[in-house]
$ cat data_23.pdb   # PDB, C-alpha atoms and all ligand atoms
MODEL        1
ATOM      1  CA  PRO A   7       0.000   0.000   0.000  1.00  0.00           C
ATOM      2  CA  LYS A   8       1.008   3.575  -0.664  1.00  0.00           C
ATOM      3  CA  VAL A   9       1.127   6.690   1.454  1.00  0.00           C
ATOM      4  CA  ILE A  10       1.369  10.169  -0.028  1.00  0.00           C
ATOM      5  CA  TYR A  11       3.513  12.496   2.077  1.00  0.00           C
ATOM      6  CA  ILE A  12       3.306  16.196   1.289  1.00  0.00           C
ATOM      7  CA  GLU A  13       6.013  18.459   2.683  1.00  0.00           C
ATOM      8  CA  ALA A  14       5.181  21.965   3.906  1.00  0.00           C
ATOM      9  CA  ASN A  15       6.878  23.332   0.756  1.00  0.00           C
ATOM     10  CA  GLY A  16       4.536  21.303  -1.463  1.00  0.00           C
ATOM     11  CA  ALA A  17       6.954  18.527  -2.406  1.00  0.00           C
ATOM     12  CA  GLN A  18       5.026  15.272  -2.705  1.00  0.00           C
ATOM     13  CA  TYR A  19       6.312  11.748  -2.185  1.00  0.00           C
ATOM     14  CA  ASP A  20       4.374   8.593  -3.073  1.00  0.00           C
ATOM     15  CA  VAL A  21       5.888   5.936  -0.861  1.00  0.00           C
ATOM     16  CA  ASP A  22       5.274   2.184  -0.762  1.00  0.00           C
ATOM     17  CA  VAL A  23       4.863   1.335   2.894  1.00  0.00           C
ATOM     18  CA  ALA A  24       4.871  -2.301   3.989  1.00  0.00           C
ATOM     19  CA  VAL A  25       1.898  -3.467   6.051  1.00  0.00           C
ATOM     20  CA  GLY A  26       2.973  -3.271   9.688  1.00  0.00           C
ATOM     21  CA  GLN A  27       5.562  -0.576   9.100  1.00  0.00           C
ATOM     22  CA  ASN A  28       4.868   2.763  10.751  1.00  0.00           C
ATOM     23  CA  LEU A  29       4.643   6.098   8.961  1.00  0.00           C
ATOM     24  CA  MET A  30       7.693   7.588  10.696  1.00  0.00           C
ATOM     25  CA  GLU A  31       9.958   4.684   9.653  1.00  0.00           C
ATOM     26  CA  ALA A  32       8.728   4.751   6.085  1.00  0.00           C
ATOM     27  CA  ALA A  33       9.341   8.497   5.831  1.00  0.00           C
ATOM     28  CA  THR A  34      12.838   8.441   7.297  1.00  0.00           C
ATOM     29  CA  GLU A  35      13.835   5.453   5.112  1.00  0.00           C
ATOM     30  CA  ASN A  36      12.761   7.468   2.111  1.00  0.00           C
ATOM     31  CA  MET A  37      14.725  10.560   3.146  1.00  0.00           C
ATOM     32  CA  ILE A  38      11.663  12.714   3.619  1.00  0.00           C
ATOM     33  CA  ASP A  39      12.957  15.759   5.476  1.00  0.00           C
ATOM     34  CA  GLY A  40       9.705  16.754   7.181  1.00  0.00           C
ATOM     35  CA  ILE A  41       9.805  13.836   9.633  1.00  0.00           C
ATOM     36  CA  ILE A  42      12.667  13.321  12.034  1.00  0.00           C
ATOM     37  CA  GLY A  43      11.733  10.522  14.433  1.00  0.00           C
ATOM     38  CA  GLU A  44      14.360  11.392  16.979  1.00  0.00           C
ATOM     39  CA  CYS A  45      13.282   8.858  19.611  1.00  0.00           C
ATOM     40  CA  GLY A  46      13.230   5.976  17.153  1.00  0.00           C
ATOM     41  CA  GLY A  47       9.497   5.440  17.392  1.00  0.00           C
ATOM     42  CA  VAL A  48       8.827   4.978  21.088  1.00  0.00           C
ATOM     43  CA  CYS A  49       6.429   7.920  21.343  1.00  0.00           C
ATOM     44  CA  SER A  50       8.685  10.234  23.328  1.00  0.00           C
ATOM     45  CA  CYS A  51       9.886  12.982  20.970  1.00  0.00           C
ATOM     46  CA  ALA A  52       6.973  14.243  18.831  1.00  0.00           C
ATOM     47  CA  THR A  53       9.343  14.894  15.892  1.00  0.00           C
ATOM     48  CA  CYS A  54       7.314  12.530  13.720  1.00  0.00           C
ATOM     49  CA  HIS A  55       4.312  14.862  13.917  1.00  0.00           C
ATOM     50  CA  LEU A  56       2.124  14.961  10.820  1.00  0.00           C
ATOM     51  CA  TYR A  57      -1.334  16.109   9.763  1.00  0.00           C
ATOM     52  CA  VAL A  58      -3.767  13.531   8.411  1.00  0.00           C
ATOM     53  CA  ASP A  59      -5.758  14.639   5.378  1.00  0.00           C
ATOM     54  CA  PRO A  60      -9.322  15.410   6.548  1.00  0.00           C
ATOM     55  CA  ALA A  61     -10.772  12.710   4.285  1.00  0.00           C
ATOM     56  CA  TRP A  62      -8.729  10.080   6.160  1.00  0.00           C
ATOM     57  CA  VAL A  63      -9.140  11.171   9.766  1.00  0.00           C
ATOM     58  CA  SER A  64     -12.079   8.854  10.458  1.00  0.00           C
ATOM     59  CA  LYS A  65     -10.159   5.851   9.079  1.00  0.00           C
ATOM     60  CA  MET A  66      -7.211   6.245  11.402  1.00  0.00           C
ATOM     61  CA  PRO A  67      -6.547   4.046  14.427  1.00  0.00           C
ATOM     62  CA  PRO A  68      -7.500   5.728  17.732  1.00  0.00           C
ATOM     63  CA  VAL A  69      -5.068   8.008  19.590  1.00  0.00           C
ATOM     64  CA  ASP A  70      -3.983   6.488  22.900  1.00  0.00           C
ATOM     65  CA  ASP A  71      -3.162   8.501  26.039  1.00  0.00           C
ATOM     66  CA  MET A  72       0.569   8.448  25.469  1.00  0.00           C
ATOM     67  CA  GLU A  73       0.262   9.750  21.912  1.00  0.00           C
ATOM     68  CA  GLU A  74      -2.223  12.361  23.072  1.00  0.00           C
ATOM     69  CA  SER A  75       0.166  13.763  25.654  1.00  0.00           C
ATOM     70  CA  MET A  76       3.136  13.717  23.247  1.00  0.00           C
ATOM     71  CA  LEU A  77       1.071  15.565  20.644  1.00  0.00           C
ATOM     72  CA  ASP A  78       0.774  18.448  23.104  1.00  0.00           C
ATOM     73  CA  MET A  79       4.554  18.820  22.797  1.00  0.00           C
ATOM     74  CA  ALA A  80       4.459  18.914  19.004  1.00  0.00           C
ATOM     75  CA  ASN A  81       4.927  22.138  17.079  1.00  0.00           C
ATOM     76  CA  ASP A  82       1.500  23.621  16.227  1.00  0.00           C
ATOM     77  CA  PRO A  83      -0.734  20.589  16.864  1.00  0.00           C
ATOM     78  CA  GLN A  84      -4.170  20.571  15.198  1.00  0.00           C
ATOM     79  CA  ASP A  85      -7.241  18.348  15.467  1.00  0.00           C
ATOM     80  CA  ASN A  86      -5.878  16.135  12.682  1.00  0.00           C
ATOM     81  CA  SER A  87      -2.400  15.834  14.178  1.00  0.00           C
ATOM     82  CA  ARG A  88      -0.888  12.403  14.728  1.00  0.00           C
ATOM     83  CA  LEU A  89       2.504  10.932  15.495  1.00  0.00           C
ATOM     84  CA  GLY A  90       3.804   9.008  12.506  1.00  0.00           C
ATOM     85  CA  CYS A  91       5.460   6.346  14.640  1.00  0.00           C
ATOM     86  CA  GLN A  92       2.098   5.441  16.182  1.00  0.00           C
ATOM     87  CA  ILE A  93       0.369   4.713  12.872  1.00  0.00           C
ATOM     88  CA  GLU A  94       0.982   1.260  11.478  1.00  0.00           C
ATOM     89  CA  MET A  95       0.316   0.688   7.833  1.00  0.00           C
ATOM     90  CA  THR A  96      -2.618  -1.521   6.843  1.00  0.00           C
ATOM     91  CA  GLU A  97      -4.162  -2.415   3.472  1.00  0.00           C
ATOM     92  CA  GLU A  98      -7.110  -0.183   4.399  1.00  0.00           C
ATOM     93  CA  LEU A  99      -4.831   2.858   4.561  1.00  0.00           C
ATOM     94  CA  ASP A 100      -3.717   2.480   0.927  1.00  0.00           C
ATOM     95  CA  GLY A 101      -3.724   5.960  -0.630  1.00  0.00           C
ATOM     96  CA  LEU A 102      -3.491   7.777   2.713  1.00  0.00           C
ATOM     97  CA  ILE A 103      -2.467  11.423   2.426  1.00  0.00           C
ATOM     98  CA  VAL A 104      -0.477  13.075   5.223  1.00  0.00           C
ATOM     99  CA  ARG A 105       0.968  16.594   5.355  1.00  0.00           C
ATOM    100  CA  LEU A 106       4.113  17.485   7.197  1.00  0.00           C
ATOM    101  CA  PRO A 107       4.527  20.513   9.432  1.00  0.00           C
ATOM    102  CA  VAL A 108       6.798  23.420   8.515  1.00  0.00           C
ATOM    103  CA  SER A 109       9.099  22.376  11.320  1.00  0.00           C
ATOM    104  CA  GLN A 110       9.251  19.568  13.901  1.00  0.00           C
ATOM    105  CA  PHE A 111      10.552  21.939  16.586  1.00  0.00           C
TER     106      PHE A 111
HETATM  107 FE1  LIG B 201       9.448   9.954  18.475  1.00  0.00          FE
HETATM  108 FE2  LIG B 201       7.347   9.293  17.016  1.00  0.00          FE
HETATM  109  S1  LIG B 201       9.424   9.026  16.515  1.00  0.00           S
HETATM  110  S2  LIG B 201       7.375  10.204  18.964  1.00  0.00           S
ENDMDL
END
$ encode --input "data_23.pdb" --output "structure tokens" --more "lines below"
Ligand code: FES
Amino acid sequence: PKVIYIEANGAQYDVDVAVGQNLMEAATENMIDGIIGECGGVCSCATCHLYVDPAWVSKMPPVDDMEESMLDMANDPQDNSRLGCQIEMTEELDGLIVRLPVSQF
């Protein structure tokens, strides 16, 4: 399945993401600058912050308490904010569009 990452500057990347891989790992493996993933995916840095396209928000897995509190630390969190490391790819998410913040800090 594919995920479309759109950088704050408009650059778009169509990335094949393996089922079970998370969106932070897939982005860093593909050298997408807008995601950093400093903590390595253990939900303690918020530098994998991204915005889910409104059309996809209802299809996302729920936000747990830990993600919720880390999102408060993210730069400019919005209602559609998520942490990339907490979203695992599934077949159902094929075609998912996510936008990256201007900065992770
Ligand atoms: Fe650190 Fe997601 S990679 S919170």
$ closest_residue --input "data_23.pdb" --among "A:Val23, A:Met79, A:Met37, A:Leu89" --to "ligand LIG 201 (chain B)" --atoms "only C-alpha atoms and all ligand atoms"
A:Leu89
$ axis_aligned_box --input "data_23.pdb" --around "segment 24-39 of chain A" --padding-each-side "6 Å" --output "lines of an AutoDock Vina configuration file"
center_x = 8.3
center_y = 6.1
center_z = 6.4
size_x = 24.8
size_y = 31.2
size_z = 20.6
$ residues_around --input "data_23.pdb" --residues "Trp62 of chain A" --least-positions-apart "6" --cutoff "12 Å" --atoms "only C-alpha atoms" --output "list of chain:residue names"
A:Val9, A:Ile10, A:Asn86, A:Ser87, A:Arg88, A:Glu98, A:Leu99, A:Asp100, A:Gly101, A:Leu102, A:Ile103, A:Val104, A:Arg105
$ residues_near_point --input "data_23.pdb" --point "(3.1, 0.8, 3.7)" --cutoff "12 Å" --atoms "all atoms listed in the file" --output "VMD selection string"
chain A and resid 7 to 11 20 to 33 35 to 36 93 to 102
$ write_last_selection --input "data_23.pdb" --atoms "C-alpha atoms" --output "PDB file, in the frame of the given file"
ATOM      1  CA  PRO A   7       0.000   0.000   0.000  1.00  0.00           C
ATOM      2  CA  LYS A   8       1.008   3.575  -0.664  1.00  0.00           C
ATOM      3  CA  VAL A   9       1.127   6.690   1.454  1.00  0.00           C
ATOM      4  CA  ILE A  10       1.369  10.169  -0.028  1.00  0.00           C
ATOM      5  CA  TYR A  11       3.513  12.496   2.077  1.00  0.00           C
ATOM      6  CA  ASP A  20       4.374   8.593  -3.073  1.00  0.00           C
ATOM      7  CA  VAL A  21       5.888   5.936  -0.861  1.00  0.00           C
ATOM      8  CA  ASP A  22       5.274   2.184  -0.762  1.00  0.00           C
ATOM      9  CA  VAL A  23       4.863   1.335   2.894  1.00  0.00           C
ATOM     10  CA  ALA A  24       4.871  -2.301   3.989  1.00  0.00           C
ATOM     11  CA  VAL A  25       1.898  -3.467   6.051  1.00  0.00           C
ATOM     12  CA  GLY A  26       2.973  -3.271   9.688  1.00  0.00           C
ATOM     13  CA  GLN A  27       5.562  -0.576   9.100  1.00  0.00           C
ATOM     14  CA  ASN A  28       4.868   2.763  10.751  1.00  0.00           C
ATOM     15  CA  LEU A  29       4.643   6.098   8.961  1.00  0.00           C
ATOM     16  CA  MET A  30       7.693   7.588  10.696  1.00  0.00           C
ATOM     17  CA  GLU A  31       9.958   4.684   9.653  1.00  0.00           C
ATOM     18  CA  ALA A  32       8.728   4.751   6.085  1.00  0.00           C
ATOM     19  CA  ALA A  33       9.341   8.497   5.831  1.00  0.00           C
ATOM     20  CA  GLU A  35      13.835   5.453   5.112  1.00  0.00           C
ATOM     21  CA  ASN A  36      12.761   7.468   2.111  1.00  0.00           C
ATOM     22  CA  ILE A  93       0.369   4.713  12.872  1.00  0.00           C
ATOM     23  CA  GLU A  94       0.982   1.260  11.478  1.00  0.00           C
ATOM     24  CA  MET A  95       0.316   0.688   7.833  1.00  0.00           C
ATOM     25  CA  THR A  96      -2.618  -1.521   6.843  1.00  0.00           C
ATOM     26  CA  GLU A  97      -4.162  -2.415   3.472  1.00  0.00           C
ATOM     27  CA  GLU A  98      -7.110  -0.183   4.399  1.00  0.00           C
ATOM     28  CA  LEU A  99      -4.831   2.858   4.561  1.00  0.00           C
ATOM     29  CA  ASP A 100      -3.717   2.480   0.927  1.00  0.00           C
ATOM     30  CA  GLY A 101      -3.724   5.960  -0.630  1.00  0.00           C
ATOM     31  CA  LEU A 102      -3.491   7.777   2.713  1.00  0.00           C
TER      32      LEU A 102
END
$ closest_atom_pairs --input "data_23.pdb" --of "chain A" --to "ligand LIG 201 (chain B)" --cutoff "8 Å" --atoms "all atoms listed in the file" --output "Markdown table"
| residue | atom | partner | partner_atom | distance |
| --- | --- | --- | --- | --- |
| A:Met30 | CA | B:LIG201 | S1 | 6.2 |
| A:Ile42 | CA | B:LIG201 | S1 | 7.0 |
| A:Gly43 | CA | B:LIG201 | S1 | 3.5 |
| A:Glu44 | CA | B:LIG201 | FE1 | 5.3 |
| A:Cys45 | CA | B:LIG201 | FE1 | 4.1 |
| A:Gly46 | CA | B:LIG201 | S1 | 4.9 |
| A:Gly47 | CA | B:LIG201 | S1 | 3.7 |
| A:Val48 | CA | B:LIG201 | FE1 | 5.7 |
| A:Cys49 | CA | B:LIG201 | S2 | 3.4 |
| A:Ser50 | CA | B:LIG201 | S2 | 4.6 |
| A:Cys51 | CA | B:LIG201 | FE1 | 3.9 |
| A:Ala52 | CA | B:LIG201 | S2 | 4.1 |
| A:Thr53 | CA | B:LIG201 | FE1 | 5.6 |
| A:Cys54 | CA | B:LIG201 | FE2 | 4.6 |
| A:His55 | CA | B:LIG201 | FE2 | 7.1 |
| A:Glu73 | CA | B:LIG201 | S2 | 7.7 |
| A:Met76 | CA | B:LIG201 | S2 | 7.0 |
| A:Leu89 | CA | B:LIG201 | FE2 | 5.3 |
| A:Gly90 | CA | B:LIG201 | FE2 | 5.7 |
| A:Cys91 | CA | B:LIG201 | FE2 | 4.2 |
| A:Gln92 | CA | B:LIG201 | FE2 | 6.6 |
$ write_last_selection --input "data_23.pdb" --atoms "C-alpha atoms" --output "PDB file, in the frame of the given file"
ATOM      1  CA  MET A  30       7.693   7.588  10.696  1.00  0.00           C
ATOM      2  CA  ILE A  42      12.667  13.321  12.034  1.00  0.00           C
ATOM      3  CA  GLY A  43      11.733  10.522  14.433  1.00  0.00           C
ATOM      4  CA  GLU A  44      14.360  11.392  16.979  1.00  0.00           C
ATOM      5  CA  CYS A  45      13.282   8.858  19.611  1.00  0.00           C
ATOM      6  CA  GLY A  46      13.230   5.976  17.153  1.00  0.00           C
ATOM      7  CA  GLY A  47       9.497   5.440  17.392  1.00  0.00           C
ATOM      8  CA  VAL A  48       8.827   4.978  21.088  1.00  0.00           C
ATOM      9  CA  CYS A  49       6.429   7.920  21.343  1.00  0.00           C
ATOM     10  CA  SER A  50       8.685  10.234  23.328  1.00  0.00           C
ATOM     11  CA  CYS A  51       9.886  12.982  20.970  1.00  0.00           C
ATOM     12  CA  ALA A  52       6.973  14.243  18.831  1.00  0.00           C
ATOM     13  CA  THR A  53       9.343  14.894  15.892  1.00  0.00           C
ATOM     14  CA  CYS A  54       7.314  12.530  13.720  1.00  0.00           C
ATOM     15  CA  HIS A  55       4.312  14.862  13.917  1.00  0.00           C
ATOM     16  CA  GLU A  73       0.262   9.750  21.912  1.00  0.00           C
ATOM     17  CA  MET A  76       3.136  13.717  23.247  1.00  0.00           C
ATOM     18  CA  LEU A  89       2.504  10.932  15.495  1.00  0.00           C
ATOM     19  CA  GLY A  90       3.804   9.008  12.506  1.00  0.00           C
ATOM     20  CA  CYS A  91       5.460   6.346  14.640  1.00  0.00           C
ATOM     21  CA  GLN A  92       2.098   5.441  16.182  1.00  0.00           C
TER      22      GLN A  92
END
$ closest_residue --input "data_23.pdb" --among "A:Leu56, A:Val63, A:Phe111, A:Thr34" --to "Glu13 of chain A" --atoms "all atoms listed in the file"
A:Leu56
$ atom_distance --input "data_23.pdb" --atom1 "atom CA of Val58 of chain A" --atom2 "atom CA of Leu106 of chain A"
8.9 Å
$ atom_distance --input "data_23.pdb" --atom1 "atom CA of Ala17 of chain A" --atom2 "atom CA of Pro68 of chain A"
27.9 Å
$ closest_residue --input "data_23.pdb" --among "A:Glu74, A:Asp85, A:Ile12, A:Ala61" --to "Pro107 of chain A" --atoms "all atoms listed in the file"
A:Ile12
